[in-house]
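J.: Input structure: entry.cif, which contains mmCIF, C-alpha atoms.
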```cif
data_target
#
loop_
_atom_site.label_atom_id
_atom_site.label_comp_id
_atom_site.auth_asym_id
_atom_site.auth_seq_id
_atom_site.Cartn_x
_atom_site.Cartn_y
_atom_site.Cartn_z
CA MET E 408 158.28 26.75 251.66
CA SER E 409 158.94 25.78 255.29
CA ASN E 410 157.91 28.01 258.14
CA SER E 411 161.04 29.33 259.88
CA GLN E 412 159.17 30.97 262.74
CA PRO E 413 160.45 29.65 266.10
CA LYS E 414 157.96 27.38 267.80
CA ALA E 415 156.50 28.53 271.11
CA HIS E 416 156.64 25.47 273.35
CA ILE E 417 157.86 26.68 276.77
CA ALA E 418 155.19 26.83 279.46
CA ASN E 419 153.89 30.24 280.54
CA HIS E 420 154.81 29.28 284.11
CA TYR E 421 158.41 30.24 283.35
CA LEU E 422 157.62 33.93 282.81
CA GLN E 423 156.68 34.48 286.44
CA ALA E 424 159.33 32.05 287.68
CA ALA E 425 162.11 33.93 285.85
CA ILE E 426 161.27 37.37 287.26
CA ARG E 427 160.23 36.39 290.79
CA GLY E 428 163.66 36.91 292.34
CA ALA E 429 164.16 40.25 290.60
CA GLU E 430 160.72 41.41 291.70
CA ARG E 431 161.64 40.63 295.30
CA GLN E 432 164.59 43.00 294.86
CA GLY E 433 162.31 45.81 293.71
CA PHE E 434 162.52 45.50 289.92
CA HIS E 435 159.23 45.96 288.07
CA ARG E 436 157.78 43.06 286.12
CA LYS E 437 156.67 45.20 283.21
CA ALA E 438 160.16 46.63 282.65
CA LEU E 439 161.79 43.19 282.91
CA LEU E 440 159.36 41.59 280.48
CA GLU E 441 159.29 44.42 277.98
CA SER E 442 163.10 44.64 277.87
CA ALA E 443 162.89 41.03 276.68
CA GLY E 444 160.22 41.90 274.10
CA ILE E 445 157.44 40.15 276.03
CA PRO E 446 154.14 41.98 276.71
CA ALA E 447 153.43 42.19 280.45
CA GLU E 448 149.85 41.03 279.86
CA TRP E 449 151.17 37.58 278.92
CA LEU E 450 151.86 36.86 282.58
CA ASN E 451 149.77 34.10 284.16
CA LYS E 452 148.08 33.09 280.91
CA PRO E 453 148.69 29.33 280.70
CA GLU E 454 147.63 29.16 277.07
CA ARG E 455 150.30 31.70 276.04
CA LEU E 456 153.43 29.63 275.39
CA ILE E 457 156.80 31.29 274.80
CA THR E 458 159.72 30.56 272.48
CA GLU E 459 163.25 29.62 273.50
CA GLU E 460 164.40 32.98 272.11
CA GLN E 461 161.92 34.92 274.26
CA PHE E 462 162.90 32.97 277.37
CA THR E 463 166.59 33.55 276.59
CA HIS E 464 166.04 37.32 276.32
CA LEU E 465 164.09 37.31 279.60
CA ILE E 466 166.83 35.51 281.51
CA LYS E 467 169.43 37.93 280.10
CA SER E 468 167.20 40.82 281.16
CA VAL E 469 167.07 39.47 284.72
CA TRP E 470 170.84 38.85 284.76
CA ARG E 471 171.46 42.47 283.76
CA ALA E 472 169.03 43.86 286.31
CA THR E 473 170.15 41.78 289.29
CA HIS E 474 173.88 41.38 288.42
CA ASP E 475 173.30 37.83 289.57
CA GLU E 476 173.56 34.60 287.52
CA PHE E 477 171.22 33.03 290.09
CA MET E 478 168.54 35.64 289.17
CA GLY E 479 167.80 36.55 292.78
CA LEU E 480 166.60 32.99 293.39
CA SER E 481 169.35 32.03 295.85
CA THR E 482 170.09 33.22 299.37
CA ARG E 483 173.59 34.09 298.09
CA ARG E 484 174.35 36.01 294.90
CA CYS E 485 176.45 34.50 292.09
CA LYS E 486 178.20 37.31 290.19
CA ASN E 487 177.64 37.51 286.44
CA GLY E 488 180.54 35.81 284.68
CA THR E 489 181.07 33.08 287.28
CA PHE E 490 179.95 30.24 285.02
CA ALA E 491 182.09 31.59 282.15
CA LEU E 492 185.14 31.72 284.44
CA MET E 493 184.50 28.12 285.49
CA THR E 494 184.27 26.92 281.87
CA ASP E 495 187.54 28.68 281.04
CA TYR E 496 189.20 27.03 284.06
CA CYS E 497 187.96 23.58 282.99
CA LEU E 498 188.51 23.71 279.22
CA GLY E 499 192.09 22.44 279.33
CA SER E 500 190.99 19.20 281.00
CA ALA E 501 191.55 15.96 279.09
CA SER E 502 188.26 14.21 279.93
CA LEU E 503 184.68 14.87 280.97
CA GLY E 504 185.38 13.34 284.38
CA ALA E 505 188.14 15.87 285.00
CA VAL E 506 185.81 18.70 283.99
CA LEU E 507 183.08 17.56 286.36
CA ARG E 508 185.53 17.29 289.25
CA LYS E 509 187.15 20.68 288.55
CA SER E 510 183.80 22.44 288.05
CA ALA E 511 182.63 21.03 291.38
CA ARG E 512 185.76 22.34 293.16
CA PHE E 513 185.32 25.74 291.51
CA PHE E 514 181.65 26.21 292.44
CA ASP E 515 182.19 24.81 295.92
CA ILE E 516 184.52 27.77 296.51
CA ALA E 517 182.74 30.40 294.41
CA CYS E 518 179.11 29.82 295.50
CA ASP E 519 178.33 29.20 299.16
CA ASN E 520 174.78 28.03 298.48
CA VAL E 521 175.62 25.19 296.05
CA ASP E 522 176.21 21.62 297.24
CA ILE E 523 178.18 20.07 294.38
CA GLY E 524 180.41 17.06 293.79
CA LEU E 525 181.06 13.91 291.75
CA GLU E 526 180.70 10.67 293.69
CA GLU E 527 180.75 6.94 293.06
CA THR E 528 177.66 4.82 293.66
CA GLU E 529 176.93 1.15 294.17
CA ARG E 530 174.56 1.03 291.19
CA ASN E 531 175.76 -0.77 288.05
CA ASN E 532 178.88 1.33 287.38
CA LEU E 533 177.00 4.61 287.66
CA VAL E 534 178.46 7.80 289.09
CA PHE E 535 176.42 10.63 290.58
CA PHE E 536 176.94 14.35 290.04
CA ARG E 537 175.40 16.05 293.07
CA LEU E 538 174.11 19.54 292.30
CA SER E 539 171.75 20.95 294.92
CA LEU E 540 170.92 24.27 296.47
CA LYS E 541 171.80 24.13 300.17
CA ASP E 542 169.02 26.62 300.94
CA ALA E 543 166.22 26.63 298.35
CA ARG E 544 163.77 28.93 300.15
CA GLN E 545 164.19 31.67 297.53
CA ASP E 546 163.75 29.22 294.64
CA THR E 547 160.04 28.76 295.17
CA ASP E 548 159.33 27.76 291.54
CA HIS E 549 162.42 25.47 291.31
CA LEU E 550 163.67 27.47 288.31
CA LEU E 551 167.22 27.93 289.59
CA GLN E 552 167.53 24.26 290.50
CA GLU E 553 166.22 23.23 287.08
CA PHE E 554 168.59 25.65 285.37
CA LEU E 555 171.68 24.46 287.28
CA LEU E 556 171.04 20.84 286.29
CA LEU E 557 170.41 21.87 282.68
CA MET E 558 173.63 23.91 282.56
CA TRP E 559 175.84 21.04 283.65
CA GLN E 560 174.12 18.45 281.46
CA ARG E 561 174.12 20.61 278.32
CA PHE E 562 177.69 21.83 278.92
CA SER E 563 178.89 18.24 279.43
CA CYS E 564 177.34 17.11 276.13
CA TRP E 565 178.74 20.14 274.31
CA LEU E 566 182.28 19.57 275.64
CA VAL E 567 182.47 16.02 274.26
CA ASP E 568 180.35 16.80 271.18
CA GLN E 569 177.80 14.06 271.73
CA GLN E 570 174.50 13.47 273.50
CA ILE E 571 175.29 11.67 276.76
CA PRO E 572 172.50 9.29 277.85
CA PHE E 573 172.14 10.43 281.47
CA ALA E 574 170.64 7.59 283.46
CA THR E 575 168.51 9.57 285.92
CA THR E 576 167.95 13.17 286.87
CA GLN E 577 166.71 13.49 290.42
CA PHE E 578 165.14 16.26 292.48
CA ASN E 579 164.81 16.74 296.23
CA TYR E 580 161.21 17.91 295.93
CA SER E 581 157.89 16.46 294.83
CA ALA E 582 156.83 16.57 291.17
CA PRO E 583 155.74 20.20 290.57
CA PRO E 584 152.58 21.16 288.64
CA HIS E 585 154.74 21.79 285.54
CA ALA E 586 156.44 18.37 285.78
CA ALA E 587 155.39 17.55 282.21
CA GLU E 588 158.01 20.09 281.07
CA TYR E 589 160.76 18.00 282.66
CA ARG E 590 160.46 15.20 280.11
CA ALA E 591 161.53 17.58 277.34
CA MET E 592 164.23 19.26 279.43
CA TYR E 593 165.93 16.16 280.80
CA PRO E 594 166.15 13.17 278.41
CA SER E 595 166.55 10.68 281.27
CA GLU E 596 164.56 8.87 283.91
CA LEU E 597 163.17 11.38 286.42
CA GLN E 598 163.10 10.83 290.18
CA PHE E 599 161.37 13.18 292.60
CA ASP E 600 161.43 13.30 296.42
CA SER E 601 165.11 12.31 296.45
CA ASP E 602 167.56 13.31 299.18
CA VAL E 603 169.53 15.63 296.89
CA CYS E 604 169.35 16.95 293.33
CA GLY E 605 171.74 15.73 290.66
CA PHE E 606 172.14 13.21 287.87
CA HIS E 607 173.56 9.73 287.28
CA LEU E 608 175.62 8.65 284.30
CA HIS E 609 177.63 5.54 283.45
CA GLU E 610 181.24 5.84 284.57
CA LYS E 611 182.52 5.10 281.04
CA TYR E 612 181.34 8.56 279.91
CA LEU E 613 183.81 10.16 282.32
CA GLN E 614 186.57 8.97 279.97
CA LEU E 615 185.20 10.86 276.94
CA PRO E 616 187.78 13.37 275.66
CA VAL E 617 187.10 17.10 275.72
CA THR E 618 187.12 18.16 272.06
CA ARG E 619 186.32 21.88 272.19
CA SER E 620 188.67 24.83 271.55
CA GLU E 621 188.90 28.26 273.20
CA SER E 622 187.25 29.91 270.18
CA GLU E 623 184.37 27.41 270.34
CA LEU E 624 183.99 28.10 274.06
CA ALA E 625 183.81 31.85 273.38
CA GLU E 626 180.99 31.20 270.90
CA PHE E 627 179.21 28.87 273.36
CA LEU E 628 179.28 31.58 276.03
CA ARG E 629 178.07 34.25 273.59
CA GLU E 630 175.03 32.09 272.78
CA ALA E 631 174.25 31.27 276.42
CA PRO E 632 171.68 30.69 277.77
CA ALA E 633 170.01 29.87 274.43
CA ASN E 634 172.17 26.75 273.98
CA ILE E 635 171.36 25.63 277.51
CA LEU E 636 167.61 26.12 277.13
CA HIS E 637 167.48 24.52 273.67
CA ARG E 638 165.93 21.09 273.75
CA PRO E 639 167.95 18.39 271.96
CA ASP E 640 166.47 17.61 268.56
CA HIS E 641 166.96 13.89 269.00
CA ASP E 642 168.28 11.40 271.48
CA GLU E 643 169.81 8.33 269.84
CA SER E 644 170.03 6.23 273.00
CA LEU E 645 168.40 2.80 273.03
CA ARG E 646 166.33 4.00 275.98
CA ASN E 647 164.77 6.70 273.82
CA ARG E 648 164.15 4.32 270.91
CA ILE E 649 162.35 1.95 273.28
CA ARG E 650 160.40 4.81 274.90
CA ALA E 651 159.22 5.97 271.47
CA LEU E 652 158.24 2.44 270.50
CA LEU E 653 156.38 1.74 273.76
CA ALA E 654 154.66 5.13 273.68
CA ARG E 655 152.84 3.98 270.55
CA GLN E 656 151.56 0.84 272.33
CA ASN E 657 148.62 0.34 274.61
CA LEU E 658 149.96 0.89 278.15
CA ARG E 659 147.71 -1.92 279.36
CA ASP E 660 149.50 -4.45 277.19
CA MET E 661 153.06 -3.32 276.54
CA PRO E 662 155.37 -5.80 274.76
CA SER E 663 157.67 -8.09 276.73
CA LEU E 664 161.46 -8.02 276.44
CA GLU E 665 161.32 -10.91 273.97
CA GLU E 666 158.68 -9.17 271.80
CA LEU E 667 160.68 -5.96 271.93
CA ALA E 668 163.83 -7.79 270.87
CA GLN E 669 162.03 -9.02 267.74
CA LEU E 670 160.81 -5.51 266.91
CA LEU E 671 164.31 -4.03 267.34
CA HIS E 672 166.15 -6.96 265.69
CA MET E 673 168.27 -7.42 268.81
CA THR E 674 168.67 -10.17 271.38
CA PRO E 675 167.01 -9.75 274.78
CA ARG E 676 170.44 -10.03 276.40
CA SER E 677 171.95 -7.24 274.29
CA ILE E 678 168.97 -4.98 275.04
CA GLY E 679 169.37 -5.61 278.77
CA ARG E 680 173.13 -4.99 278.65
CA LYS E 681 172.81 -1.77 276.62
CA LEU E 682 170.05 -0.39 278.85
CA GLN E 683 172.16 -1.18 281.90
CA GLU E 684 175.01 0.85 280.38
CA GLU E 685 172.56 3.72 279.96
CA GLY E 686 171.57 3.37 283.61
CA THR E 687 168.07 2.06 283.12
CA SER E 688 166.01 -1.07 282.40
CA LEU E 689 162.88 -2.04 280.50
CA ARG E 690 160.93 -2.08 283.75
CA LYS E 691 162.05 1.48 284.58
CA ILE E 692 161.12 2.72 281.11
CA LYS E 693 157.64 1.20 281.35
CA THR E 694 157.17 2.67 284.83
CA SER E 695 158.29 6.08 283.61
CA LEU E 696 155.77 6.03 280.74
CA ARG E 697 152.94 4.99 283.06
CA ARG E 698 153.90 7.68 285.58
CA GLU E 699 154.01 10.46 282.98
CA TYR E 700 150.74 9.40 281.37
CA ALA E 701 149.05 9.12 284.76
CA ILE E 702 150.18 12.61 285.78
CA LYS E 703 149.02 14.01 282.44
CA LEU E 704 145.58 12.37 282.74
CA MET E 705 145.16 13.44 286.36
CA SER E 706 146.16 17.00 285.46
CA THR E 707 144.23 17.55 282.23
CA GLU E 708 141.34 15.09 281.99
CA ASN E 709 138.17 14.93 284.03
CA LEU E 710 138.52 11.22 284.79
CA SER E 711 137.98 9.16 287.89
CA VAL E 712 140.98 7.59 289.63
CA ALA E 713 139.69 4.17 288.54
CA ASP E 714 139.57 5.28 284.88
CA VAL E 715 143.13 6.64 285.00
CA SER E 716 144.30 3.46 286.72
CA GLU E 717 142.87 1.32 283.93
CA ARG E 718 144.23 3.54 281.14
CA VAL E 719 147.79 3.36 282.41
CA GLY E 720 147.71 -0.40 282.75
CA PHE E 721 146.90 -1.23 286.38
CA SER E 722 144.57 -4.14 287.08
CA GLU E 723 143.74 -2.83 290.57
CA THR E 724 142.98 0.77 291.52
CA ALA E 725 144.55 0.30 294.97
CA SER E 726 147.88 -0.65 293.35
CA PHE E 727 147.69 2.44 291.14
CA CYS E 728 147.01 4.69 294.15
CA ARG E 729 150.08 3.33 295.96
CA ALA E 730 152.22 3.78 292.84
CA PHE E 731 150.96 7.32 292.18
CA LYS E 732 151.75 8.41 295.74
CA ARG E 733 155.22 6.88 295.39
CA TRP E 734 155.75 8.79 292.11
CA THR E 735 154.44 12.20 293.19
CA GLY E 736 154.30 12.22 296.99
CA THR E 737 150.55 12.85 296.76
CA PRO E 738 147.61 10.41 296.61
CA PRO E 739 145.64 10.69 293.34
CA SER E 740 142.55 11.75 295.29
CA GLN E 741 144.45 14.89 296.42
CA TRP E 742 146.27 15.62 293.15
CA SER E 743 145.68 19.11 291.79
CA GLY E 744 148.43 19.36 289.16
#
```
Show me the file's structure as C-alpha cells.
T.:
Amino acid sequence: MSNSQPKAHIANHYLQAAIRGAERQGFHRKALLESAGIPAEWLNKPERLITEEQFTHLIKSVWRATHDEFMGLSTRRCKNGTFALMTDYCLGSASLGAVLRKSARFFDIACDNVDIGLEETERNNLVFFRLSLKDARQDTDHLLQEFLLLMWQRFSCWLVDQQIPFATTQFNYSAPPHAAEYRAMYPSELQFDSDVCGFHLHEKYLQLPVTRSESELAEFLREAPANILHRPDHDESLRNRIRALLARQNLRDMPSLEELAQLLHMTPRSIGRKLQEEGTSLRKIKTSLRREYAIKLMSTENLSVADVSERVGFSETASFCRAFKRWTGTPPSQWSG
C-alpha cells in the first residue's frame, strides 16, 4: 500500500518569511501559524520542513489577516481578489501572448508597486516578461517577488494546458541563502544580480491558444495558492532531460555535445536547435549544474575552496573563484550560505 501522506519538502525559512509582513502590522505569529495548523515552535527550526498544504494554509491565513494579496510585503497594498479579477479579465483572450500583455496592463493600473510588461529582446527569438517590485524594501526575504514570478509562470502553463519551458528566470538580487529552493520552484536557468526580475520564453509560445473555460478558472481560483505553490511533477523539455543525464555524470568530465547526441539518439545539430528554442544551450546547462553544486557544497560541506573547485570541474581554483563571484556576487572565501 502506498503512503498518501503529503511530503514535507518546503524549507522552514518560508514560515518566517510568510508572516513577516503581517507581524509588522501587529498580528501575532502564534495566531497566524496556529490558524494554519502549524505549531509556533516550528519557527526557525531549519530541520522542520513543511508541506505544500501547510504553506498554502499559512498564506491564506496571512491574506485573511492583512486583507492584502501582497501579505504586507509591499509598500502598497494589493486588495484580496485582485489577481482573480485579472484572470477573469484575461480569460477571453485567444493566445498566451494576449494574456501576458493584458495582465501587464491590468497590474500596471491596479498595483502601483509592480513594474510589469512584455518586451522583445535581441536574444534568439526570446521575449521577456518583466515582473519586478519597484520598491522591495518590505520584501526582505524575497517571498513576494518569488511568489509573483511563480504566479505568472504557473498561471501561464495552466492557461495553455502544458508545461512551458521558460528559458531563464532572473532576479535583481544576489542568490539568497535558500537559493537551492529555486531549482525546484523555477524549472529554468536562474540568473541573479540582474537589472530587473522576470522571465524569458521563446516567442513561439506566445501563440499558444488559451484552452480554459470559466468553470475551470473558478476551480483554479478556489485551489489557489496550492496550485501555484505545487511543484511540477515532471518537465519534459530537452533541457531537463539533458540536466538529468548530466547530473548523473562526473562534473569534472561531462560528455561533449557529440557524446550526448549518441546517448540521446539525436544529432548534435538537432540538440543545439531544440535547446536554442528553449532559450538555453549545452554550455549554459553545464554552467548551471556546476553553479548549483558549488553553492550546495559551499553551504553544507566543510570543504576548502580548492576542494569544491575540483569537485565541480575546475582545473584552477582562481578560475573557480572568479566564476563563483560572478554566480553569487560573493567570493567563495566570504560565502556563508
J.: In Å, how far is it from atom CA of E:Gly499 to atom CA of E:Ser620?
T.: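 These two atoms are separated by 8.8 Å.
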J.: Specify as a ChimeraX atom specification each residue included when the PyMOL selection byres ((chain E and resi 511) around 10) is applied to this file.
T.: /E:493,505-510,512-517,521-525,536-538
J.: To one decimal place, how far is atom CA of E:Asp602 from atom CA of E:Phe535 in Å?
T.: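 Separating atom CA of E:Asp602 from atom CA of E:Phe535 is a distance of 12.6 Å.
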J.: Would you mind reading off the distance between atom CA of E:Glu460 and atom CA of E:Glu623, one decimal, in Å?
T.: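 Computing it gives 20.8 Å between the two atoms.
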J.: Could you check the closest approach to E:Thr482 for each of E:Leu551, E:Ala501, E:Ala425, E:Ala438 and tell me which residue wins, using all atoms listed in the file?
T.: E:Leu551
J.: Go through E:Asn647, E:Gln461, E:Gln570, E:Ser481 and flag the residue nearest E:Asp548, using all atoms listed in the file for the distances.
T.: E:Ser481
J.: Would you list the contacts of E:Tyr421 as a ChimeraX atom specification, taking every protein, DNA or RNA residue within 8 Å and counting all atoms listed in the file, but skipping same-chain residues closer than 3 positions in sequence?
T.: /E:417-418,424-425,462,550
J.: If the PyMOL selection byres ((chain E and resi 422) around 12) were run on this exact file, what residues would it hold? Put them as a PyMOL selection string.
T.: chain E and resi 417-421+423-429+436-437+439-441+443+445-453+455-459+461-466+468-469+548+550
J.: Write to file, as a short mmCIF file (atom, residue, chain, number, x, y, z; two decimals), keeping the file's coordinate frame, the residues of the selection just made, with C-alpha atoms.
T.:
```cif
data_model
loop_
_atom_site.label_atom_id
_atom_site.label_comp_id
_atom_site.auth_asym_id
_atom_site.auth_seq_id
_atom_site.Cartn_x
_atom_site.Cartn_y
_atom_site.Cartn_z
CA ILE E 417 157.86 26.68 276.77
CA ALA E 418 155.19 26.83 279.46
CA ASN E 419 153.89 30.24 280.54
CA HIS E 420 154.81 29.28 284.11
CA TYR E 421 158.41 30.24 283.35
CA GLN E 423 156.68 34.48 286.44
CA ALA E 424 159.33 32.05 287.68
CA ALA E 425 162.11 33.93 285.85
CA ILE E 426 161.27 37.37 287.26
CA ARG E 427 160.23 36.39 290.79
CA GLY E 428 163.66 36.91 292.34
CA ALA E 429 164.16 40.25 290.60
CA ARG E 436 157.78 43.06 286.12
CA LYS E 437 156.67 45.20 283.21
CA LEU E 439 161.79 43.19 282.91
CA LEU E 440 159.36 41.59 280.48
CA GLU E 441 159.29 44.42 277.98
CA ALA E 443 162.89 41.03 276.68
CA ILE E 445 157.44 40.15 276.03
CA PRO E 446 154.14 41.98 276.71
CA ALA E 447 153.43 42.19 280.45
CA GLU E 448 149.85 41.03 279.86
CA TRP E 449 151.17 37.58 278.92
CA LEU E 450 151.86 36.86 282.58
CA ASN E 451 149.77 34.10 284.16
CA LYS E 452 148.08 33.09 280.91
CA PRO E 453 148.69 29.33 280.70
CA ARG E 455 150.30 31.70 276.04
CA LEU E 456 153.43 29.63 275.39
CA ILE E 457 156.80 31.29 274.80
CA THR E 458 159.72 30.56 272.48
CA GLU E 459 163.25 29.62 273.50
CA GLN E 461 161.92 34.92 274.26
CA PHE E 462 162.90 32.97 277.37
CA THR E 463 166.59 33.55 276.59
CA HIS E 464 166.04 37.32 276.32
CA LEU E 465 164.09 37.31 279.60
CA ILE E 466 166.83 35.51 281.51
CA SER E 468 167.20 40.82 281.16
CA VAL E 469 167.07 39.47 284.72
CA ASP E 548 159.33 27.76 291.54
CA LEU E 550 163.67 27.47 288.31
#
```
J.: Could you tell me which of E:Cys497, E:Leu670, E:Cys518, E:Ile571 comes closest to E:Ile649 if we count all atoms listed in the file?
T.: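 Of E:Cys497, E:Leu670, E:Cys518, E:Ile571, the one nearest E:Ile649, counting all atoms listed in the file, is E:Leu670.
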J.: Expand the PyMOL selection byres ((chain E and resi 596) around 6) into the explicit residue set it covers here, and present it as a count of residues only.
T.: 3
J.: Each side padded by 6 Å, which centre and which edge lengths in Å (one decimal) define the axis-aligned box around the listed atoms of stretch 650-656 of chain E? Give them as AutoDock Vina command-line options.
T.:
```
--center_x 156.0 --center_y 3.4 --center_z 272.7 --size_x 20.8 --size_y 17.1 --size_z 16.4
```
J.: Which residue, E:Met478, E:Ala574, E:Leu608, E:Leu557, has the smallest gap to E:Leu636 when you use all atoms listed in the file?
T.: E:Leu557
J.: Pick from E:Glu610, E:Glu621, E:Glu553, E:Asp568: nearest to E:Ser539, with only C-alpha atoms counted?
T.: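 The shortest atom-to-atom distance to E:Ser539 comes from E:Glu553.
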J.: Between E:Val719, E:Ala631, E:Ile692, E:Met673, which residue has the minimum interatomic distance to E:Leu658, considering only C-alpha atoms?
T.: E:Val719
J.: Set the distance at 9 Å and use all atoms listed in the file: which residues neighbour E:Ala725 once local chain neighbours fewer than 3 positions away are removed? I'd like the list as a list in words.
T.: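 So, after excluding close chain neighbours, the residues are Ala713, Ser716, Cys728, Arg729 and Ala730 of chain E.
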